[in-house]
>>> print(open('query.cif').read())   # mmCIF, C-alpha atoms
data_run
loop_
_atom_site.group_PDB
_atom_site.id
_atom_site.type_symbol
_atom_site.label_atom_id
_atom_site.label_comp_id
_atom_site.auth_asym_id
_atom_site.auth_seq_id
_atom_site.Cartn_x
_atom_site.Cartn_y
_atom_site.Cartn_z
ATOM 1 C CA MET X 1 154.043 83.861 43.375
ATOM 2 C CA THR X 2 152.454 80.547 44.225
ATOM 3 C CA ALA X 3 154.026 78.213 46.718
ATOM 4 C CA PRO X 4 154.726 74.634 45.645
ATOM 5 C CA ALA X 5 151.896 72.359 46.635
ATOM 6 C CA GLY X 6 152.729 69.155 48.467
ATOM 7 C CA GLU X 7 150.195 66.535 49.477
ATOM 8 C CA ARG X 8 149.366 68.412 52.627
ATOM 9 C CA ASP X 9 150.576 71.758 53.931
ATOM 10 C CA GLU X 10 150.016 73.687 57.114
ATOM 11 C CA LEU X 11 150.388 77.450 57.465
ATOM 12 C CA PRO X 12 150.217 79.597 60.586
ATOM 13 C CA ILE X 13 147.751 82.491 60.489
ATOM 14 C CA VAL X 14 149.127 85.149 62.798
ATOM 15 C CA GLY X 15 149.279 88.259 60.604
ATOM 16 C CA ASP X 16 147.721 90.041 57.677
ATOM 17 C CA ASP X 17 150.236 88.677 55.188
ATOM 18 C CA ASP X 18 149.406 85.115 56.243
ATOM 19 C CA VAL X 19 145.914 85.565 54.764
ATOM 20 C CA VAL X 20 147.618 86.301 51.429
ATOM 21 C CA LYS X 21 149.889 83.249 51.849
ATOM 22 C CA VAL X 22 146.861 81.022 52.518
ATOM 23 C CA ARG X 23 145.218 82.287 49.308
ATOM 24 C CA GLN X 24 148.363 81.524 47.306
ATOM 25 C CA LEU X 25 148.777 78.070 48.788
ATOM 26 C CA VAL X 26 145.116 77.177 48.213
ATOM 27 C CA ARG X 27 145.426 78.424 44.638
ATOM 28 C CA ALA X 28 148.483 76.207 44.068
ATOM 29 C CA PHE X 29 146.633 73.139 45.412
ATOM 30 C CA ALA X 30 143.531 73.948 43.346
ATOM 31 C CA LEU X 31 145.611 74.252 40.170
ATOM 32 C CA LYS X 32 147.271 70.929 40.855
ATOM 33 C CA ALA X 33 143.908 69.228 41.424
ATOM 34 C CA ARG X 34 142.771 70.728 38.091
ATOM 35 C CA LEU X 35 139.837 72.686 39.417
ATOM 36 C CA SER X 36 138.290 74.983 36.801
ATOM 37 C CA LEU X 37 139.211 78.662 36.974
ATOM 38 C CA VAL X 38 135.816 79.574 38.433
ATOM 39 C CA ASP X 39 136.044 76.810 41.049
ATOM 40 C CA GLN X 40 139.605 77.870 41.929
ATOM 41 C CA THR X 41 138.414 81.435 42.387
ATOM 42 C CA LYS X 42 135.472 80.359 44.555
ATOM 43 C CA LEU X 43 137.672 78.148 46.735
ATOM 44 C CA VAL X 44 140.387 80.797 47.154
ATOM 45 C CA THR X 45 137.776 83.438 47.993
ATOM 46 C CA ALA X 46 136.160 81.177 50.609
ATOM 47 C CA ALA X 47 139.605 80.416 52.078
ATOM 48 C CA SER X 48 140.363 84.128 52.232
ATOM 49 C CA GLU X 49 137.177 84.813 54.206
ATOM 50 C CA LEU X 50 137.852 81.957 56.625
ATOM 51 C CA ALA X 51 141.538 82.819 57.102
ATOM 52 C CA ARG X 52 140.539 86.387 57.960
ATOM 53 C CA ASN X 53 137.964 85.078 60.474
ATOM 54 C CA THR X 54 140.664 82.897 62.058
ATOM 55 C CA LEU X 55 142.905 85.947 62.368
ATOM 56 C CA ASN X 56 140.383 88.596 63.428
ATOM 57 C CA TYR X 57 137.901 86.630 65.520
ATOM 58 C CA GLY X 58 139.897 83.552 66.521
ATOM 59 C CA GLY X 59 143.002 85.483 67.510
ATOM 60 C CA GLY X 60 145.092 83.557 64.993
ATOM 61 C CA GLY X 61 145.485 79.862 64.273
ATOM 62 C CA THR X 62 146.406 77.563 61.415
ATOM 63 C CA ALA X 63 145.251 76.582 57.953
ATOM 64 C CA THR X 64 145.793 73.058 56.662
ATOM 65 C CA ILE X 65 145.385 72.437 52.953
ATOM 66 C CA GLU X 66 145.327 68.993 51.378
ATOM 67 C CA GLN X 67 144.329 67.190 48.268
ATOM 68 C CA VAL X 68 141.524 64.683 48.805
ATOM 69 C CA SER X 69 139.916 62.188 46.495
ATOM 70 C CA ASN X 70 137.065 59.760 46.353
ATOM 71 C CA VAL X 71 136.264 57.116 43.751
ATOM 72 C CA ARG X 72 134.991 59.668 41.289
ATOM 73 C CA ARG X 73 137.031 62.821 41.608
ATOM 74 C CA ARG X 74 139.698 64.957 43.188
ATOM 75 C CA GLY X 75 139.221 67.899 45.453
ATOM 76 C CA ILE X 76 140.825 70.226 47.935
ATOM 77 C CA ARG X 77 140.135 70.372 51.635
ATOM 78 C CA ALA X 78 141.061 73.413 53.703
ATOM 79 C CA VAL X 79 140.759 73.355 57.487
ATOM 80 C CA PHE X 80 140.972 76.487 59.641
ATOM 81 C CA VAL X 81 141.633 76.031 63.331
ATOM 82 C CA ASP X 82 141.770 78.616 66.092
ATOM 83 C CA GLU X 83 141.690 78.508 69.879
ATOM 84 C CA GLY X 84 139.744 81.721 70.193
ATOM 85 C CA PRO X 85 136.487 82.538 71.990
ATOM 86 C CA GLY X 86 134.328 80.233 69.841
ATOM 87 C CA ILE X 87 130.956 81.083 68.298
ATOM 88 C CA PRO X 88 128.079 81.125 70.834
ATOM 89 C CA ASP X 89 125.268 80.796 68.273
ATOM 90 C CA ILE X 90 126.456 79.096 65.082
ATOM 91 C CA ASP X 91 123.060 79.260 63.338
ATOM 92 C CA LEU X 92 123.004 83.008 63.866
ATOM 93 C CA ALA X 93 126.618 83.330 62.687
ATOM 94 C CA LEU X 94 125.690 81.515 59.469
ATOM 95 C CA THR X 95 122.874 83.950 58.722
ATOM 96 C CA ASP X 96 123.495 86.404 55.895
ATOM 97 C CA GLY X 97 124.093 89.869 57.193
ATOM 98 C CA TRP X 98 124.849 88.832 60.748
ATOM 99 C CA THR X 99 128.096 90.313 62.002
ATOM 100 C CA SER X 100 129.773 90.584 65.359
ATOM 101 C CA GLY X 101 130.812 94.087 64.476
ATOM 102 C CA ASN X 102 133.481 94.658 61.872
ATOM 103 C CA GLY X 103 132.481 92.785 58.765
ATOM 104 C CA MET X 104 129.592 92.763 56.344
ATOM 105 C CA GLY X 105 128.267 89.508 57.693
ATOM 106 C CA LEU X 106 129.142 87.564 54.577
ATOM 107 C CA GLY X 107 132.281 85.770 55.744
ATOM 108 C CA LEU X 108 130.879 82.474 57.028
ATOM 109 C CA SER X 109 127.610 82.322 55.093
ATOM 110 C CA GLY X 110 129.281 83.515 51.873
ATOM 111 C CA ALA X 111 132.134 81.030 52.214
ATOM 112 C CA ARG X 112 129.611 78.218 52.696
ATOM 113 C CA ARG X 113 127.888 79.064 49.407
ATOM 114 C CA LEU X 114 131.200 78.986 47.506
ATOM 115 C CA VAL X 115 132.205 75.417 48.383
ATOM 116 C CA ASP X 116 130.767 71.878 48.123
ATOM 117 C CA GLU X 117 131.204 70.808 51.738
ATOM 118 C CA PHE X 118 131.250 72.986 54.809
ATOM 119 C CA GLU X 119 131.545 71.997 58.473
ATOM 120 C CA VAL X 120 131.936 74.074 61.619
ATOM 121 C CA GLU X 121 132.866 72.798 65.055
ATOM 122 C CA THR X 122 132.925 75.401 67.753
ATOM 123 C CA GLU X 123 132.915 75.569 71.511
ATOM 124 C CA VAL X 124 132.691 78.735 73.557
ATOM 125 C CA GLY X 125 136.015 79.403 75.220
ATOM 126 C CA ARG X 126 137.770 76.588 73.326
ATOM 127 C CA GLY X 127 137.902 77.676 69.703
ATOM 128 C CA THR X 128 136.548 77.056 66.247
ATOM 129 C CA THR X 129 137.381 74.668 63.405
ATOM 130 C CA VAL X 130 135.968 75.261 59.943
ATOM 131 C CA SER X 131 136.493 72.665 57.230
ATOM 132 C CA ILE X 132 135.676 73.157 53.555
ATOM 133 C CA VAL X 133 135.961 70.942 50.456
ATOM 134 C CA LYS X 134 135.734 71.872 46.802
ATOM 135 C CA TRP X 135 135.591 69.040 44.237
ATOM 136 C CA ALA X 136 136.824 69.173 40.659
ATOM 137 C CA ARG X 137 133.850 68.893 38.285
ATOM 138 C CA MET Y 1 153.608 96.292 53.601
ATOM 139 C CA ASP Y 2 153.334 97.247 49.921
ATOM 140 C CA ARG Y 3 151.459 100.359 48.845
ATOM 141 C CA VAL Y 4 149.363 100.642 45.708
ATOM 142 C CA PRO Y 5 150.555 103.545 43.508
ATOM 143 C CA ILE Y 6 148.049 106.238 42.515
ATOM 144 C CA LEU Y 7 148.618 107.886 39.110
ATOM 145 C CA LYS Y 8 147.128 111.218 38.064
ATOM 146 C CA ILE Y 9 146.017 111.773 34.457
ATOM 147 C CA GLY Y 10 144.245 115.107 33.952
ATOM 148 C CA ASP Y 11 141.587 115.252 36.641
ATOM 149 C CA VAL Y 12 141.390 111.461 36.986
ATOM 150 C CA LEU Y 13 143.239 109.347 39.532
ATOM 151 C CA LEU Y 14 144.148 105.874 38.278
ATOM 152 C CA VAL Y 15 144.726 102.983 40.642
ATOM 153 C CA SER Y 16 145.859 99.770 39.007
ATOM 154 C CA ILE Y 17 146.025 96.921 41.493
ATOM 155 C CA GLN Y 18 148.882 94.613 40.533
ATOM 156 C CA LEU Y 19 149.480 92.739 43.772
ATOM 157 C CA ASP Y 20 147.777 90.317 46.096
ATOM 158 C CA LEU Y 21 146.021 92.684 48.493
ATOM 159 C CA GLN Y 22 146.637 92.511 52.217
ATOM 160 C CA ASP Y 23 143.973 94.063 54.412
ATOM 161 C CA GLN Y 24 146.435 96.723 55.609
ATOM 162 C CA THR Y 25 147.305 97.610 51.992
ATOM 163 C CA VAL Y 26 143.599 98.044 51.292
ATOM 164 C CA LEU Y 27 143.150 100.390 54.261
ATOM 165 C CA ALA Y 28 146.255 102.387 53.295
ATOM 166 C CA LEU Y 29 144.910 102.769 49.742
ATOM 167 C CA GLN Y 30 141.656 104.267 51.062
ATOM 168 C CA GLU Y 31 143.588 106.838 53.074
ATOM 169 C CA ASP Y 32 146.018 107.632 50.245
ATOM 170 C CA LEU Y 33 143.123 108.138 47.827
ATOM 171 C CA ALA Y 34 141.270 110.489 50.175
ATOM 172 C CA GLU Y 35 144.461 112.504 50.546
ATOM 173 C CA GLN Y 36 145.137 112.577 46.783
ATOM 174 C CA ILE Y 37 141.578 113.535 45.821
ATOM 175 C CA THR Y 38 141.549 116.516 48.191
ATOM 176 C CA ARG Y 39 145.082 117.543 47.212
ATOM 177 C CA THR Y 40 144.575 117.341 43.435
ATOM 178 C CA GLY Y 41 140.867 118.179 43.222
ATOM 179 C CA ALA Y 42 140.392 115.166 40.931
ATOM 180 C CA HIS Y 43 136.835 114.569 39.722
ATOM 181 C CA GLY Y 44 137.226 110.888 38.921
ATOM 182 C CA VAL Y 45 138.812 107.714 40.300
ATOM 183 C CA ILE Y 46 139.401 104.576 38.263
ATOM 184 C CA ILE Y 47 140.267 101.329 40.003
ATOM 185 C CA ASP Y 48 141.640 98.794 37.545
ATOM 186 C CA ILE Y 49 141.269 95.233 38.871
ATOM 187 C CA SER Y 50 142.071 93.361 35.654
ATOM 188 C CA ALA Y 51 145.067 91.751 37.391
ATOM 189 C CA VAL Y 52 143.142 90.886 40.570
ATOM 190 C CA GLU Y 53 142.496 87.149 40.954
ATOM 191 C CA ILE Y 54 140.086 87.277 43.875
ATOM 192 C CA VAL Y 55 137.795 89.850 45.462
ATOM 193 C CA ASP Y 56 136.528 88.777 48.877
ATOM 194 C CA SER Y 57 134.075 90.653 51.099
ATOM 195 C CA PHE Y 58 136.789 92.855 52.621
ATOM 196 C CA ILE Y 59 138.196 93.954 49.263
ATOM 197 C CA GLY Y 60 134.682 94.366 47.857
ATOM 198 C CA ARG Y 61 133.727 96.562 50.771
ATOM 199 C CA MET Y 62 136.803 98.684 50.018
ATOM 200 C CA PHE Y 63 135.398 99.526 46.561
ATOM 201 C CA ALA Y 64 132.099 100.623 48.112
ATOM 202 C CA THR Y 65 133.892 102.679 50.771
ATOM 203 C CA ILE Y 66 136.146 104.380 48.222
ATOM 204 C CA ALA Y 67 133.128 105.176 46.028
ATOM 205 C CA SER Y 68 131.147 106.757 48.900
ATOM 206 C CA MET Y 69 134.211 108.590 50.156
ATOM 207 C CA SER Y 70 135.117 110.073 46.761
ATOM 208 C CA ARG Y 71 131.495 111.175 46.385
ATOM 209 C CA LEU Y 72 131.998 113.334 49.486
ATOM 210 C CA PHE Y 73 134.871 115.027 47.652
ATOM 211 C CA ASP Y 74 132.799 115.468 44.476
ATOM 212 C CA ALA Y 75 134.560 112.680 42.569
ATOM 213 C CA ASP Y 76 133.094 109.654 40.755
ATOM 214 C CA THR Y 77 134.573 106.165 41.067
ATOM 215 C CA VAL Y 78 134.535 103.457 38.410
ATOM 216 C CA VAL Y 79 135.863 99.933 38.972
ATOM 217 C CA VAL Y 80 137.107 98.458 35.684
ATOM 218 C CA GLY Y 81 138.368 95.142 34.332
ATOM 219 C CA MET Y 82 136.744 92.634 36.659
ATOM 220 C CA ARG Y 83 137.562 89.079 35.576
ATOM 221 C CA PRO Y 84 134.589 86.801 34.776
ATOM 222 C CA ALA Y 85 135.518 84.246 37.480
ATOM 223 C CA VAL Y 86 135.723 87.062 40.039
ATOM 224 C CA ALA Y 87 132.295 88.383 39.021
ATOM 225 C CA ILE Y 88 130.683 84.934 39.281
ATOM 226 C CA THR Y 89 132.242 84.412 42.708
ATOM 227 C CA LEU Y 90 131.160 87.841 43.992
ATOM 228 C CA VAL Y 91 127.539 87.189 43.069
ATOM 229 C CA GLU Y 92 127.570 83.807 44.792
ATOM 230 C CA LEU Y 93 129.298 85.296 47.831
ATOM 231 C CA GLY Y 94 126.344 87.686 48.069
ATOM 232 C CA LEU Y 95 128.260 90.902 47.516
ATOM 233 C CA THR Y 96 126.416 93.293 45.220
ATOM 234 C CA LEU Y 97 128.905 96.199 45.400
ATOM 235 C CA GLY Y 98 125.880 98.466 45.925
ATOM 236 C CA ASN Y 99 126.324 101.775 44.198
ATOM 237 C CA VAL Y 100 129.790 101.185 42.758
ATOM 238 C CA ARG Y 101 129.955 101.932 39.035
ATOM 239 C CA THR Y 102 131.711 99.335 36.936
ATOM 240 C CA ALA Y 103 132.942 99.212 33.354
ATOM 241 C CA LEU Y 104 134.370 96.411 31.245
ATOM 242 C CA ASP Y 105 137.711 98.096 30.656
ATOM 243 C CA LEU Y 106 139.764 101.216 31.266
ATOM 244 C CA GLU Y 107 138.602 102.910 28.068
ATOM 245 C CA LYS Y 108 134.898 102.498 28.907
ATOM 246 C CA GLY Y 109 135.574 103.617 32.473
ATOM 247 C CA LEU Y 110 137.236 106.792 31.239
ATOM 248 C CA SER Y 111 134.334 107.573 28.926
ATOM 249 C CA ILE Y 112 131.889 107.229 31.853
ATOM 250 C CA LEU Y 113 133.964 109.753 33.793
ATOM 251 C CA ARG Y 114 134.147 112.072 30.776
ATOM 252 C CA ARG Y 115 130.366 111.979 30.437
ATOM 253 C CA SER Y 116 129.785 112.832 34.090
ATOM 254 C CA ALA Y 117 132.376 115.635 33.819
ATOM 255 C CA ALA Y 118 130.390 117.046 30.881
ATOM 256 C CA ASP Y 119 127.151 116.817 32.902
ATOM 257 C CA ARG Y 120 128.855 118.595 35.756
ATOM 258 C CA LEU Y 121 129.962 121.428 33.447
ATOM 259 C CA LEU Y 122 126.478 121.722 31.964
ATOM 260 C CA SER Y 123 124.761 121.999 35.340
ATOM 261 C CA GLU Y 124 127.284 124.643 36.426
ATOM 262 C CA GLU Y 125 126.460 126.694 33.302
ATOM 263 C CA ILE Y 126 122.731 126.446 33.996
ATOM 264 C CA GLU Y 127 123.295 127.618 37.558
ATOM 265 C CA ASP Y 128 125.310 130.602 36.256
ATOM 266 C CA SER Y 129 122.646 131.647 33.746
ATOM 267 C CA ASP Y 130 119.958 131.332 36.458
ATOM 268 C CA ASP Y 131 121.900 133.800 38.557
ATOM 269 C CA GLY Y 132 122.037 136.183 35.565
ATOM 270 C CA THR Y 133 118.270 136.059 35.070
ATOM 271 C CA VAL Y 134 117.581 136.860 38.707
ATOM 272 C CA ARG Y 135 119.930 139.847 38.560
ATOM 273 C CA THR Y 136 118.324 141.444 35.459
ATOM 274 C CA GLU Y 137 114.844 141.123 36.971
ATOM 275 C CA SER Y 138 115.807 142.861 40.212
#
>>> encode(input="query.cif", output="structure tokens")
Amino acid sequence: MTAPAGERDELPIVGDDDVVKVRQLVRAFALKARLSLVDQTKLVTAASELARNTLNYGGGGTATIEQVSNVRRRGIRAVFVDEGPGIPDIDLALTDGWTSGNGMGLGLSGARRLVDEFEVETEVGRGTTVSIVKWAR
Amino acid sequence: MDRVPILKIGDVLLVSIQLDLQDQTVLALQEDLAEQITRTGAHGVIIDISAVEIVDSFIGRMFATIASMSRLFDADTVVVGMRPAVAITLVELGLTLGNVRTALDLEKGLSILRRSAADRLLSEEIEDSDDGTVRTES
């Protein structure tokens, strides 16, 4: 079920089933980096939210998953890139309960709570890049 | 796209999710359940998620939608078998699942449904005897 994890893998996000593939790939990387089961679940859930955003709001894009490390520990970074309409007000978009229409408004803000590092770069008309990192404890 | 099978046991519909859910599969399940509840007149729905590794906001919302929808058809929904890591993640994500009933396992879920079926029967009997009283007085 899980894809083999290399050092770095990129997946296109153009359809519904790609969201599932992103989850499986992130899970494989998280296992390899020896994240705890709870941390794996948090990371995969965050990736699922962000992959769906890339698909539904960004009009599709890519996910890049890689293992990262610093002096103390290993982790997983997942980067979601789209060339969609961008987010006009990022502070508003990160507010719990805020939604542009279809969701519950937990995608971005919820994903941020589930990971250790969270960065958004967005420009109206150019697209959005969201980068997350989860470290092994 | 895969479809999630719906099994009927007595007046309970059992949905055991054994695959990694795509959004389209989730939407199809909602429709299939609505169709099955009205067709069979089932009074209970059990969703077994013991094999589900992640529940994100979309899947979580599906549970709430199915619960409200089955209520409209006079059926109760119980979500059973949530894994501990999934529960911890859901709380942190900020998803409360609102008014969705949950139980630790299938057996406990079934006993919740049996209890509410008994309550339902009791209240129907009371309504019947009320009617009788009114008739004898008039």
>>> resolve_selection(input="query.cif", expression="the PyMOL selection byres ((chain X) within 7 of (chain Y))", output="list in words")
Asp16, Asp17, Val20, Leu37, Val38, Thr41, Lys42, Thr45, Ser48, Glu49, Leu106, Gly107, Gly110, Ala111, Arg113 and Leu114 of chain X
>>> residues_around(input="query.cif", residues="Ile76 (chain X)", least_positions_apart="6", cutoff="7 Å", atoms="all atoms listed in the file", output="ChimeraX atom specification")
/X:29-30,66-68,133-135
>>> write_last_selection(input="query.cif", atoms="C-alpha atoms", output="mmCIF file, in the coordinates of the input")
data_model
loop_
_atom_site.group_PDB
_atom_site.id
_atom_site.type_symbol
_atom_site.label_atom_id
_atom_site.label_comp_id
_atom_site.auth_asym_id
_atom_site.auth_seq_id
_atom_site.Cartn_x
_atom_site.Cartn_y
_atom_site.Cartn_z
ATOM 1 C CA PHE X 29 146.633 73.139 45.412
ATOM 2 C CA ALA X 30 143.531 73.948 43.346
ATOM 3 C CA GLU X 66 145.327 68.993 51.378
ATOM 4 C CA GLN X 67 144.329 67.190 48.268
ATOM 5 C CA VAL X 68 141.524 64.683 48.805
ATOM 6 C CA VAL X 133 135.961 70.942 50.456
ATOM 7 C CA LYS X 134 135.734 71.872 46.802
ATOM 8 C CA TRP X 135 135.591 69.040 44.237
#
>>> axis_aligned_box(input="query.cif", around="region 21-31 of chain Y", padding_each_side="6 Å", output="lines of an AutoDock Vina configuration file")
center_x = 144.5
center_y = 99.7
center_z = 52.1
size_x = 17.6
size_y = 26.3
size_z = 19.1
>>> atom_distance(input="query.cif", atom1="CA of Ala63 (chain X)", atom2="CA of Leu43 (chain X)")
13.6 Å
>>> resolve_selection(input="query.cif", expression="the PyMOL selection byres ((chain Y and resi 70-83) around 10)", output="PyMOL selection string")
chain Y and resi 11-16+30+33-34+37-38+41-55+63-69+84-88+99-110+112-113+116-117
>>> closest_residue(input="query.cif", among="X:Arg34, X:Arg72, X:Lys21, X:Arg52", to="Asp9 (chain X)", atoms="all atoms listed in the file")
X:Lys21
>>> atom_distance(input="query.cif", atom1="CA of Ala28 (chain X)", atom2="CA of Ser131 (chain X)")
18.2 Å
>>> closest_residue(input="query.cif", among="X:Ile13, X:Ala93, X:Leu35, X:Val44", to="Asn56 (chain X)", atoms="all atoms listed in the file")
X:Ile13
>>> closest_residue(input="query.cif", among="Y:Asp2, Y:Ser129, Y:Glu124, Y:Thr96", to="Leu27 (chain Y)", atoms="only C-alpha atoms")
Y:Asp2
>>> atom_distance(input="query.cif", atom1="CA of Val124 (chain X)", atom2="CA of Leu108 (chain X)")
17.0 Å
>>> residues_around(input="query.cif", residues="region 58-61 of chain X", least_positions_apart="4", cutoff="8 Å", atoms="all atoms listed in the file", output="PDB file with C-alpha atoms, in the frame of the given file")
ATOM      1  CA  PRO X  12     150.217  79.597  60.586  1.00  0.00           C
ATOM      2  CA  ILE X  13     147.751  82.491  60.489  1.00  0.00           C
ATOM      3  CA  VAL X  14     149.127  85.149  62.798  1.00  0.00           C
ATOM      4  CA  GLY X  15     149.279  88.259  60.604  1.00  0.00           C
ATOM      5  CA  ASN X  53     137.964  85.078  60.474  1.00  0.00           C
ATOM      6  CA  THR X  54     140.664  82.897  62.058  1.00  0.00           C
ATOM      7  CA  PHE X  80     140.972  76.487  59.641  1.00  0.00           C
ATOM      8  CA  VAL X  81     141.633  76.031  63.331  1.00  0.00           C
ATOM      9  CA  ASP X  82     141.770  78.616  66.092  1.00  0.00           C
ATOM     10  CA  GLU X  83     141.690  78.508  69.879  1.00  0.00           C
ATOM     11  CA  GLY X  84     139.744  81.721  70.193  1.00  0.00           C
ATOM     12  CA  PRO X  85     136.487  82.538  71.990  1.00  0.00           C
ATOM     13  CA  GLY X  86     134.328  80.233  69.841  1.00  0.00           C
ATOM     14  CA  GLY X 127     137.902  77.676  69.703  1.00  0.00           C
ATOM     15  CA  THR X 128     136.548  77.056  66.247  1.00  0.00           C
TER      16      THR X 128
END
>>> resolve_selection(input="query.cif", expression="the PyMOL selection byres ((chain X and resi 78) around 6)", output="VMD selection string")
chain X and resid 64 to 65 77 79 131 to 132
>>> closest_residue(input="query.cif", among="X:Gly75, X:Ile87, X:Asp116, X:Asp96", to="Leu31 (chain X)", atoms="only C-alpha atoms")
X:Gly75
>>> decode(input="query.cif", residues="region 16-35 of chain Y", atoms="N, CA and C atoms", output="short mmCIF file (atom, residue, chain, number, x, y, z; two decimals), in the first residue's frame")
data_model
loop_
_atom_site.label_atom_id
_atom_site.label_comp_id
_atom_site.auth_asym_id
_atom_site.auth_seq_id
_atom_site.Cartn_x
_atom_site.Cartn_y
_atom_site.Cartn_z
N SER Y 16 -18.07 -0.87 7.07
CA SER Y 16 -16.74 -1.05 7.61
C SER Y 16 -15.74 -0.52 6.58
N ILE Y 17 -15.07 0.56 6.94
CA ILE Y 17 -14.19 1.22 5.97
C ILE Y 17 -12.82 0.55 5.99
N GLN Y 18 -12.47 -0.08 4.88
CA GLN Y 18 -11.25 -0.88 4.80
C GLN Y 18 -10.27 -0.32 3.78
N LEU Y 19 -10.54 0.87 3.27
CA LEU Y 19 -9.63 1.41 2.25
C LEU Y 19 -9.31 2.87 2.55
N ASP Y 20 -8.28 3.34 1.88
CA ASP Y 20 -7.87 4.73 2.02
C ASP Y 20 -8.88 5.59 1.27
N LEU Y 21 -9.63 6.42 1.99
CA LEU Y 21 -10.78 7.08 1.40
C LEU Y 21 -10.42 8.26 0.49
N GLN Y 22 -10.91 8.17 -0.74
CA GLN Y 22 -10.86 9.33 -1.64
C GLN Y 22 -12.09 10.19 -1.36
N ASP Y 23 -12.00 11.46 -1.66
CA ASP Y 23 -13.15 12.34 -1.41
C ASP Y 23 -14.39 11.86 -2.17
N GLN Y 24 -14.20 11.41 -3.41
CA GLN Y 24 -15.35 10.94 -4.20
C GLN Y 24 -15.99 9.70 -3.59
N THR Y 25 -15.16 8.82 -3.02
CA THR Y 25 -15.66 7.61 -2.35
C THR Y 25 -16.52 8.00 -1.16
N VAL Y 26 -16.06 9.03 -0.44
CA VAL Y 26 -16.79 9.52 0.73
C VAL Y 26 -18.17 10.05 0.32
N LEU Y 27 -18.20 10.83 -0.76
CA LEU Y 27 -19.46 11.40 -1.22
C LEU Y 27 -20.40 10.30 -1.71
N ALA Y 28 -19.84 9.30 -2.40
CA ALA Y 28 -20.66 8.19 -2.90
C ALA Y 28 -21.25 7.40 -1.73
N LEU Y 29 -20.47 7.24 -0.66
CA LEU Y 29 -20.95 6.51 0.51
C LEU Y 29 -22.16 7.21 1.13
N GLN Y 30 -22.09 8.54 1.23
CA GLN Y 30 -23.22 9.30 1.77
C GLN Y 30 -24.49 9.03 0.97
N GLU Y 31 -24.35 9.07 -0.35
CA GLU Y 31 -25.52 8.86 -1.21
C GLU Y 31 -26.03 7.43 -1.08
N ASP Y 32 -25.11 6.46 -1.11
CA ASP Y 32 -25.50 5.05 -1.01
C ASP Y 32 -26.22 4.78 0.31
N LEU Y 33 -25.73 5.40 1.39
CA LEU Y 33 -26.35 5.18 2.70
C LEU Y 33 -27.76 5.76 2.73
N ALA Y 34 -27.93 6.96 2.21
CA ALA Y 34 -29.26 7.57 2.18
C ALA Y 34 -30.23 6.65 1.44
N GLU Y 35 -29.76 6.13 0.32
CA GLU Y 35 -30.59 5.24 -0.50
C GLU Y 35 -30.94 3.97 0.27
#
